$ cat model.cif   # mmCIF, C-alpha atoms, pLDDT in the B column; chains and numbers go by the auth columns
data_query
loop_
_atom_site.group_PDB
_atom_site.id
_atom_site.type_symbol
_atom_site.label_atom_id
_atom_site.label_comp_id
_atom_site.label_asym_id
_atom_site.label_seq_id
_atom_site.Cartn_x
_atom_site.Cartn_y
_atom_site.Cartn_z
_atom_site.B_iso_or_equiv
_atom_site.auth_seq_id
_atom_site.auth_asym_id
ATOM 1 C CA MET A 1 29.827 24.864 -41.759 57.00 707 A
ATOM 2 C CA PHE A 2 30.225 28.191 -43.549 64.00 708 A
ATOM 3 C CA GLY A 3 28.740 29.274 -46.871 78.00 709 A
ATOM 4 C CA LYS A 4 25.604 27.121 -46.799 89.00 710 A
ATOM 5 C CA PRO A 5 22.285 28.989 -46.719 95.00 711 A
ATOM 6 C CA CYS A 6 20.036 28.509 -43.693 97.00 712 A
ATOM 7 C CA CYS A 7 17.008 26.389 -44.600 97.00 713 A
ATOM 8 C CA LEU A 8 14.719 28.652 -42.561 97.00 714 A
ATOM 9 C CA CYS A 9 15.951 32.239 -42.917 97.00 715 A
ATOM 10 C CA ASP A 10 18.164 31.830 -46.034 96.00 716 A
ATOM 11 C CA GLU A 11 21.058 33.656 -44.323 94.00 717 A
ATOM 12 C CA LYS A 12 24.311 32.746 -46.050 92.00 718 A
ATOM 13 C CA GLN A 13 26.758 34.383 -43.623 90.00 719 A
ATOM 14 C CA GLY A 14 27.997 32.880 -40.376 90.00 720 A
ATOM 15 C CA GLU A 15 28.226 29.402 -38.958 92.00 721 A
ATOM 16 C CA LYS A 16 25.594 26.762 -39.784 94.00 722 A
ATOM 17 C CA VAL A 17 24.773 23.382 -38.250 95.00 723 A
ATOM 18 C CA LEU A 18 23.435 20.290 -39.972 96.00 724 A
ATOM 19 C CA VAL A 19 19.737 19.797 -39.185 97.00 725 A
ATOM 20 C CA GLN A 20 18.575 17.183 -41.712 97.00 726 A
ATOM 21 C CA CYS A 21 20.030 14.606 -44.107 95.00 727 A
ATOM 22 C CA ILE A 22 17.636 13.836 -46.936 93.00 728 A
ATOM 23 C CA GLU A 23 18.151 10.554 -48.739 91.00 729 A
ATOM 24 C CA SER A 24 17.098 10.025 -52.333 89.00 730 A
ATOM 25 C CA GLY A 25 16.289 6.710 -53.930 89.00 731 A
ATOM 26 C CA SER A 26 17.308 7.848 -57.397 90.00 732 A
ATOM 27 C CA GLY A 27 20.488 9.820 -56.979 85.00 733 A
ATOM 28 C CA PRO A 28 22.456 11.752 -54.425 89.00 734 A
ATOM 29 C CA GLY A 29 20.655 13.082 -51.387 91.00 735 A
ATOM 30 C CA TRP A 30 21.212 16.471 -49.827 92.00 736 A
ATOM 31 C CA SER A 31 21.652 18.106 -46.460 95.00 737 A
ATOM 32 C CA LEU A 32 19.874 21.004 -44.790 96.00 738 A
ATOM 33 C CA TYR A 33 21.754 23.483 -42.625 97.00 739 A
ATOM 34 C CA ALA A 34 20.484 26.159 -40.249 97.00 740 A
ATOM 35 C CA CYS A 35 21.788 29.029 -38.158 96.00 741 A
ATOM 36 C CA PRO A 36 22.606 27.590 -34.715 94.00 742 A
ATOM 37 C CA THR A 37 20.244 29.957 -32.962 92.00 743 A
ATOM 38 C CA PRO A 38 17.355 30.454 -33.340 95.00 744 A
ATOM 39 C CA CYS A 39 16.761 28.555 -36.596 97.00 745 A
ATOM 40 C CA ALA A 40 18.261 25.145 -35.666 97.00 746 A
ATOM 41 C CA GLN A 41 16.439 25.287 -32.342 96.00 747 A
ATOM 42 C CA GLN A 42 13.150 26.043 -34.104 96.00 748 A
ATOM 43 C CA TYR A 43 13.754 23.281 -36.644 97.00 749 A
ATOM 44 C CA ALA A 44 14.316 20.743 -33.830 97.00 750 A
ATOM 45 C CA THR A 45 10.798 21.367 -32.503 96.00 751 A
ATOM 46 C CA ARG A 46 9.115 20.437 -35.784 96.00 752 A
ATOM 47 C CA SER A 47 7.441 17.057 -36.201 96.00 753 A
ATOM 48 C CA TYR A 48 9.644 16.087 -39.152 95.00 754 A
ATOM 49 C CA ALA A 49 12.958 16.963 -37.464 96.00 755 A
ATOM 50 C CA PRO A 50 15.264 13.967 -37.009 97.00 756 A
ATOM 51 C CA ASP A 51 15.359 12.353 -33.561 96.00 757 A
ATOM 52 C CA TRP A 52 19.101 12.995 -33.253 97.00 758 A
ATOM 53 C CA LEU A 53 18.898 16.772 -33.674 97.00 759 A
ATOM 54 C CA PRO A 54 18.061 17.776 -30.053 96.00 760 A
ATOM 55 C CA ASP A 55 20.903 15.559 -28.763 96.00 761 A
ATOM 56 C CA GLU A 56 23.392 17.148 -31.168 95.00 762 A
ATOM 57 C CA LEU A 57 22.204 20.653 -30.270 96.00 763 A
ATOM 58 C CA ALA A 58 22.568 19.768 -26.563 96.00 764 A
ATOM 59 C CA LYS A 59 26.222 18.830 -27.187 96.00 765 A
ATOM 60 C CA LEU A 60 26.709 22.354 -28.558 94.00 766 A
ATOM 61 C CA GLY A 61 24.923 23.921 -25.585 94.00 767 A
ATOM 62 C CA LEU A 62 21.957 24.951 -27.746 95.00 768 A
ATOM 63 C CA TRP A 63 19.281 22.640 -26.313 95.00 769 A
ATOM 64 C CA PRO A 64 16.889 23.143 -24.705 93.00 770 A
ATOM 65 C CA PRO A 65 16.270 26.606 -26.123 88.00 771 A
ATOM 66 C CA GLU A 66 16.071 29.421 -23.593 81.00 772 A
ATOM 67 C CA SER A 67 12.581 30.805 -23.120 66.00 773 A
#

$ encode --input "model.cif" --output "structure tokens"
Amino acid sequence: MFGKPCCLCDEKQGEKVLVQCIESGSGPGWSLYACPTPCAQQYATRSYAPDWLPDELAKLGLWPPES
């Protein structure tokens, strides 16, 4: 995804990956995007990150993060 700002660093250039879908009970929800590395990897370690995120990052070769 291009053109979406990263939810962690606010970078608007380059490729982004979906890291969170936020549902709303009173209207449309929204989606959060992050730079594939390191932001999406950092987001996946947070307690509120969706359970599916590490699996999706692994499919892209981004999980587990390199130390």

$ atom_distance --input "model.cif" --atom1 "atom CA of A:Asp716" --atom2 "atom CA of A:Gln748"
14.2 Å

$ closest_residue --input "model.cif" --among "A:Lys710, A:Val725, A:Lys718, A:Pro734" --to "A:Trp758" --atoms "all atoms listed in the file"
A:Val725

$ closest_residue --input "model.cif" --among "A:Pro756, A:Asp761, A:Cys713, A:Pro771" --to "A:Tyr739" --atoms "all atoms listed in the file"
A:Cys713

$ axis_aligned_box --input "model.cif" --around "stretch 721-739 of chain A" --padding-each-side "8 Å" --output "lines of an AutoDock Vina configuration file"
center_x = 22.3
center_y = 18.1
center_z = -47.8
size_x = 27.9
size_y = 38.7
size_z = 35.1

$ atom_distance --input "model.cif" --atom1 "atom CA of A:Gln747" --atom2 "atom CA of A:Leu759"
9.0 Å

$ closest_residue --input "model.cif" --among "A:Pro744, A:Gly720, A:Ser737, A:Cys727" --to "A:Leu763" --atoms "all atoms listed in the file"
A:Pro744

$ atom_distance --input "model.cif" --atom1 "atom CA of A:Gly735" --atom2 "atom CA of A:Gln719"
23.5 Å

$ closest_residue --input "model.cif" --among "A:Gly709, A:Leu738, A:Ile728, A:Val723" --to "A:Leu768" --atoms "all atoms listed in the file"
A:Val723

$ closest_residue --input "model.cif" --among "A:Trp769, A:Cys712, A:Lys722, A:Gly731" --to "A:Thr751" --atoms "only C-alpha atoms"
A:Trp769
